[in-house]
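Chemist: Pasting in a structure now, in structure tokens, and then I'll have a few things to ask.
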2 protein chains.
Amino acid sequence: MELRTLRYFQAVAEELSFSRAAERLHIAQPALSRAVRDLEEELGTPLLARNKHKVRVTPAGAVLLRETGVLLGLAEEAARKVQRTALGQEGELRLGYIGPPTRDFLAGVLREFRIRYPRVTVILEERTPERVWEMVLKGRLDLGLTRPVTAGERLGLETLLLREEPLCAVLPSGHPLAKVEPLEWSALRGQPLIVLARREGVGLHDRVLLGCQRAGFPPTLAHTPSIVGTVLTYVESGAGIGVVPESVATLAGADTMVFKPLHPVEPVSLVLVWNREHENPVGEAFCSLVRELMAAG
Amino acid sequence: MELRTLRYFQAVAEELSFSRAAERLHIAQPALSRAVRDLEEELGTPLLARNKHKVRVTPAGAVLLRETGVLLGLAEEAARKVQRTALGQEGELRLGYIGPPTRDFLAGVLREFRIRYPRVTVILEERTPERVWEMVLKGRLDLGLTRPVTAGERLGLETLLLREEPLCAVLPSGHPLAKVEPLEWSALRGQPLIVLARREGVGLHDRVLLGCQRAGFPPTLAHTPSIVGTVLTYVESGAGIGVVPESVATLAGADTMVFKPLHPVEPVSLVLVWNREHENPVGEAFCSLVRELMAAG
DNA sequence: AGCGGTAATACCTTGTCGGTATCACCAACT
DNA sequence: AGTTGGTGATACCGACAAGGTATTACCGCT
């Protein structure tokens, strides 16, 4: 049983005439007669009762006609779905991201993305930067919004640089260093520092250590919490000086803290990463949108 | 897009190997490669990503695989449904019948029918005998359980005689005629008769008139209600003598009435009728069952 | 009786599908 | 590193089925 045959049968059953149906199908009438006969033979039962001048559908034919309708409709729908999927207009996008620093960025892009690709379901997964890389590599994510990693994990992965931001010191408003301009890394010597735990992001953590090292002193880590917000809480409580990317400033509440870029600037960046091997058209669409929005401003 | 192509694609997508799939399909591998390539061209998008030694399904391919599953399943289901319908094992049976005299007969046959053909929905329509004939003729009923009609309405209709029963007089238990044996039509001369209304069944009504006429007297019709039960009520109330087919006795409650066949016997019969033009396999199945049950007893 | 229109049949042509042989490529194992 | 086995793709060929043309058989309607 082939769809072609079913289309033929449907035409005849609807027109109740072989010749008219043949015309509609742009084939010759005998070909149609044979096709229907073959179908009847295959199913082992007459579908159309033809008494020389009139064609009626038998009960079995009526059933087949009904089924054929849904079948052909579904087939067409399936083809369209496949094509939409290929164009990235349908399906799902598994998007991994790291916490707060990407949140405002994500919100903007996602809002626009949902408007342009309403049939795409976006599945968000918040993980540590390293875990995002790993999941993209394994194909468990289509796209990752994360920080660069030093390791060789990036083999075969494509990246797009989204943003660079300087590392900043976070100080209570009344802190003596809050007025120093520009603030140097060396000013942090001996100060109790509060930095995100290394397991929450090796790249960022090590970058802080590197800043201190370049300034020629070993950092004094007072606390290394797992959540960026906790860094700020420690700072507010006077436990020390936080070192975080600039974008974290958006998390800060009132004017109880100041964010001051550290010189010389230690940039940390935000990248979009994907796996060329497991390319997903939806991912491409998302990428293009990101590029477009960045170009627009 | 043809089902054959989809079956091929499904095999490859499931096996994730062209050669294994070809083996499973009992065709050569090159034919399979070409079929899939053609499908991809038709849909305008790659469905399988093959990097020389590994085959993966693309997102579009995954969508098609899912859709293909339901499509092929439905196609198979449709074929089975058609065949069952052709065998009378599925579908619906529109069955017309006349009131009480057929009810016990129907009950027995239907009980067995439902057991043997559980997927068939039986649609019952109670009408007057004439209306049943008309509906069968027009194809609005597959089968009718009714009384024979004198008219030429039976053109092209097939019938099967189910039962013959004599017309009976219904008398209150204490009636003088209740003891006469045998009871002759002529005994009804001058008696107030209660007969079903003519519009509820021309055949039956006229048969009663014919019985009187043959006995050489004009009937005195006291009442002609529309419902057989009402005839009995009249008799019980002493309004006169009812004349009904013998099977009506099943409607009578206690021993307040006696049913006595009238001599010479005026038989009325019950027939099954159907239209050869609008033959429905379910109808045939029902017919066969009826024949079988009659033969069995 | 004859005409117009129906579906079926007979026969031919062509396109498509499947098969065989072969190639190009990669991976794994000497 | 070279070899071997296994992968999918390509080229070519043959067979068969799908479609076309011509014709027939049959029916309803003038």
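All residue names refer to the structure tokens as shown: chains lettered A, B, ... in order, residues numbered from 1 in each chain, ligands numbered from 1 in order.
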Taking 6 positions as the minimum chain separation for residues in the same chain, which residues sit within 10 Å of Val132 in chain A when counting only C-alpha atoms (C1' of nucleotides)? Answer as a PyMOL selection string.

Modeler: chain A and resi 95-98+125-126+138+140-141+143-147+273

Chemist: Using N, CA, C and O atoms, can you export the residues from the last selection as a PDB file, in the first residue's frame?

Modeler:
ATOM      1  N   LEU A  95      19.718  24.874  25.696  1.00  0.00           N
ATOM      2  CA  LEU A  95      20.661  25.970  25.875  1.00  0.00           C
ATOM      3  C   LEU A  95      21.208  25.958  27.289  1.00  0.00           C
ATOM      4  O   LEU A  95      20.459  26.082  28.259  1.00  0.00           O
ATOM      5  N   GLY A  96      22.513  25.794  27.404  1.00  0.00           N
ATOM      6  CA  GLY A  96      23.136  25.811  28.718  1.00  0.00           C
ATOM      7  C   GLY A  96      23.714  27.187  29.005  1.00  0.00           C
ATOM      8  O   GLY A  96      24.184  27.854  28.093  1.00  0.00           O
ATOM      9  N   TYR A  97      23.675  27.599  30.236  1.00  0.00           N
ATOM     10  CA  TYR A  97      24.243  28.899  30.581  1.00  0.00           C
ATOM     11  C   TYR A  97      24.770  28.854  31.984  1.00  0.00           C
ATOM     12  O   TYR A  97      24.429  27.983  32.779  1.00  0.00           O
ATOM     13  N   ILE A  98      25.664  29.798  32.279  1.00  0.00           N
ATOM     14  CA  ILE A  98      26.174  29.893  33.639  1.00  0.00           C
ATOM     15  C   ILE A  98      25.330  30.954  34.321  1.00  0.00           C
ATOM     16  O   ILE A  98      24.608  31.668  33.658  1.00  0.00           O
ATOM     17  N   GLU A 125      19.339  25.184  30.781  1.00  0.00           N
ATOM     18  CA  GLU A 125      20.037  24.399  31.801  1.00  0.00           C
ATOM     19  C   GLU A 125      21.127  25.267  32.413  1.00  0.00           C
ATOM     20  O   GLU A 125      22.062  25.672  31.726  1.00  0.00           O
ATOM     21  N   GLU A 126      21.017  25.547  33.688  1.00  0.00           N
ATOM     22  CA  GLU A 126      22.051  26.351  34.345  1.00  0.00           C
ATOM     23  C   GLU A 126      23.093  25.431  34.956  1.00  0.00           C
ATOM     24  O   GLU A 126      22.768  24.568  35.762  1.00  0.00           O
ATOM     25  N   LYS A 138      29.456  16.765  24.421  1.00  0.00           N
ATOM     26  CA  LYS A 138      28.796  15.458  24.336  1.00  0.00           C
ATOM     27  C   LYS A 138      27.493  15.505  23.551  1.00  0.00           C
ATOM     28  O   LYS A 138      26.838  14.492  23.390  1.00  0.00           O
ATOM     29  N   ARG A 140      24.818  17.002  24.569  1.00  0.00           N
ATOM     30  CA  ARG A 140      23.646  17.072  25.436  1.00  0.00           C
ATOM     31  C   ARG A 140      23.066  18.480  25.455  1.00  0.00           C
ATOM     32  O   ARG A 140      21.985  18.704  25.977  1.00  0.00           O
ATOM     33  N   LEU A 141      23.834  19.415  24.913  1.00  0.00           N
ATOM     34  CA  LEU A 141      23.329  20.781  24.736  1.00  0.00           C
ATOM     35  C   LEU A 141      23.566  21.173  23.287  1.00  0.00           C
ATOM     36  O   LEU A 141      24.549  20.768  22.672  1.00  0.00           O
ATOM     37  N   LEU A 143      23.691  24.425  22.518  1.00  0.00           N
ATOM     38  CA  LEU A 143      24.382  25.706  22.585  1.00  0.00           C
ATOM     39  C   LEU A 143      24.724  25.983  24.043  1.00  0.00           C
ATOM     40  O   LEU A 143      23.960  25.649  24.933  1.00  0.00           O
ATOM     41  N   GLY A 144      25.881  26.604  24.249  1.00  0.00           N
ATOM     42  CA  GLY A 144      26.252  26.962  25.608  1.00  0.00           C
ATOM     43  C   GLY A 144      26.620  28.435  25.685  1.00  0.00           C
ATOM     44  O   GLY A 144      27.247  28.981  24.781  1.00  0.00           O
ATOM     45  N   LEU A 145      26.218  29.046  26.773  1.00  0.00           N
ATOM     46  CA  LEU A 145      26.546  30.441  27.020  1.00  0.00           C
ATOM     47  C   LEU A 145      27.436  30.389  28.246  1.00  0.00           C
ATOM     48  O   LEU A 145      26.960  30.174  29.356  1.00  0.00           O
ATOM     49  N   THR A 146      28.739  30.565  28.046  1.00  0.00           N
ATOM     50  CA  THR A 146      29.651  30.257  29.140  1.00  0.00           C
ATOM     51  C   THR A 146      30.932  31.085  29.046  1.00  0.00           C
ATOM     52  O   THR A 146      31.031  31.992  28.222  1.00  0.00           O
ATOM     53  N   ARG A 147      31.873  30.761  29.884  1.00  0.00           N
ATOM     54  CA  ARG A 147      33.170  31.450  29.862  1.00  0.00           C
ATOM     55  C   ARG A 147      34.155  30.561  29.134  1.00  0.00           C
ATOM     56  O   ARG A 147      34.013  29.346  29.124  1.00  0.00           O
ATOM     57  N   VAL A 273      28.999  28.847  22.603  1.00  0.00           N
ATOM     58  CA  VAL A 273      29.760  27.707  22.111  1.00  0.00           C
ATOM     59  C   VAL A 273      28.808  26.632  21.598  1.00  0.00           C
ATOM     60  O   VAL A 273      27.720  26.462  22.132  1.00  0.00           O
TER      61      VAL A 273
END

Chemist: So which bits of range 114-219 of chain A end up helix (DSSP H, G or I) when you DSSP the backbone, as JSON, numbers by chain?

Modeler: {"A": [114, 115, 116, 129, 130, 131, 132, 133, 134, 135, 136, 137, 138, 152, 153, 154, 176, 177, 178, 179, 185, 186, 187, 188, 198, 199, 200, 202, 203, 204, 205, 206, 207, 208, 209, 210, 211, 212, 213, 214]}

Chemist: Counting only C-alpha atoms (C1' of nucleotides), give me one row per residue of chain B with an atom at most 10 Å from an atom of chain C, showing the shortest contact pair and its distance in Å to one decimal, sorted by chain then residue number, as a Markdown table.

Modeler:
| residue | atom | partner | partner_atom | distance |
| --- | --- | --- | --- | --- |
| B:Ile27 | CA | C:DG18 | C1' | 7.3 |
| B:Ala28 | CA | C:DG19 | C1' | 6.9 |
| B:Gln29 | CA | C:DG19 | C1' | 9.6 |
| B:Pro30 | CA | C:DG18 | C1' | 8.8 |
| B:Ala31 | CA | C:DG18 | C1' | 6.1 |
| B:Leu32 | CA | C:DG18 | C1' | 9.2 |
| B:Arg34 | CA | C:DC17 | C1' | 9.8 |
| B:Ala35 | CA | C:DC17 | C1' | 9.1 |
| B:Asn51 | CA | C:DC26 | C1' | 9.4 |
| B:Lys52 | CA | C:DC25 | C1' | 6.6 |
| B:His53 | CA | C:DC26 | C1' | 6.4 |
| B:Lys54 | CA | C:DC26 | C1' | 9.8 |

Chemist: In terms of the shortest atom-to-atom distance over only C-alpha atoms, which of A:Val109, A:Ala62, A:Val271, A:Leu39 is closest to Leu161 in chain A?

Modeler: A:Val271

Chemist: Run DSSP on the backbone and grab whatever in range 248-291 of chain B lands in strand (DSSP E or B); send it over as a PDB file with N, CA and C atoms, in the first residue's frame.

Modeler:
ATOM      1  N   MET B 257     -56.226 -12.713  30.216  1.00  0.00           N
ATOM      2  CA  MET B 257     -56.699 -12.813  28.828  1.00  0.00           C
ATOM      3  C   MET B 257     -56.313 -14.155  28.243  1.00  0.00           C
ATOM      4  N   VAL B 258     -57.055 -14.580  27.229  1.00  0.00           N
ATOM      5  CA  VAL B 258     -56.667 -15.792  26.494  1.00  0.00           C
ATOM      6  C   VAL B 258     -56.460 -15.431  25.036  1.00  0.00           C
ATOM      7  N   PHE B 259     -55.458 -16.069  24.409  1.00  0.00           N
ATOM      8  CA  PHE B 259     -55.169 -15.884  22.988  1.00  0.00           C
ATOM      9  C   PHE B 259     -55.626 -17.130  22.266  1.00  0.00           C
ATOM     10  N   LYS B 260     -56.522 -16.987  21.308  1.00  0.00           N
ATOM     11  CA  LYS B 260     -57.018 -18.157  20.599  1.00  0.00           C
ATOM     12  C   LYS B 260     -56.863 -17.972  19.096  1.00  0.00           C
ATOM     13  N   PRO B 261     -56.116 -18.867  18.443  1.00  0.00           N
ATOM     14  CA  PRO B 261     -55.934 -18.774  16.985  1.00  0.00           C
ATOM     15  C   PRO B 261     -57.282 -18.815  16.290  1.00  0.00           C
ATOM     16  N   LEU B 262     -57.416 -18.003  15.264  1.00  0.00           N
ATOM     17  CA  LEU B 262     -58.666 -17.941  14.508  1.00  0.00           C
ATOM     18  C   LEU B 262     -58.583 -18.873  13.314  1.00  0.00           C
ATOM     19  N   HIS B 263     -59.646 -19.627  13.085  1.00  0.00           N
ATOM     20  CA  HIS B 263     -59.668 -20.570  11.956  1.00  0.00           C
ATOM     21  C   HIS B 263     -60.664 -20.099  10.927  1.00  0.00           C
ATOM     22  N   PRO B 267     -52.255 -16.514   8.321  1.00  0.00           N
ATOM     23  CA  PRO B 267     -50.884 -16.352   8.818  1.00  0.00           C
ATOM     24  C   PRO B 267     -50.335 -14.957   8.528  1.00  0.00           C
ATOM     25  N   VAL B 268     -49.656 -14.376   9.493  1.00  0.00           N
ATOM     26  CA  VAL B 268     -48.868 -13.166   9.226  1.00  0.00           C
ATOM     27  C   VAL B 268     -47.421 -13.572   9.466  1.00  0.00           C
ATOM     28  N   SER B 269     -46.542 -13.011   8.683  1.00  0.00           N
ATOM     29  CA  SER B 269     -45.155 -13.474   8.817  1.00  0.00           C
ATOM     30  C   SER B 269     -44.187 -12.344   9.130  1.00  0.00           C
ATOM     31  N   LEU B 270     -43.029 -12.775   9.563  1.00  0.00           N
ATOM     32  CA  LEU B 270     -41.968 -11.856   9.912  1.00  0.00           C
ATOM     33  C   LEU B 270     -40.835 -12.142   8.933  1.00  0.00           C
ATOM     34  N   VAL B 271     -40.316 -11.100   8.286  1.00  0.00           N
ATOM     35  CA  VAL B 271     -39.236 -11.335   7.319  1.00  0.00           C
ATOM     36  C   VAL B 271     -38.054 -10.402   7.609  1.00  0.00           C
ATOM     37  N   LEU B 272     -36.920 -10.882   7.141  1.00  0.00           N
ATOM     38  CA  LEU B 272     -35.725 -10.053   7.165  1.00  0.00           C
ATOM     39  C   LEU B 272     -35.581  -9.543   5.739  1.00  0.00           C
ATOM     40  N   VAL B 273     -35.313  -8.254   5.578  1.00  0.00           N
ATOM     41  CA  VAL B 273     -35.241  -7.708   4.227  1.00  0.00           C
ATOM     42  C   VAL B 273     -33.986  -6.858   4.088  1.00  0.00           C
ATOM     43  N   TRP B 274     -33.384  -6.930   2.913  1.00  0.00           N
ATOM     44  CA  TRP B 274     -32.190  -6.097   2.664  1.00  0.00           C
ATOM     45  C   TRP B 274     -32.087  -5.756   1.190  1.00  0.00           C
ATOM     46  N   ASN B 275     -31.236  -4.819   0.899  1.00  0.00           N
ATOM     47  CA  ASN B 275     -31.113  -4.301  -0.459  1.00  0.00           C
ATOM     48  C   ASN B 275     -29.823  -4.803  -1.093  1.00  0.00           C
TER      49      ASN B 275
END
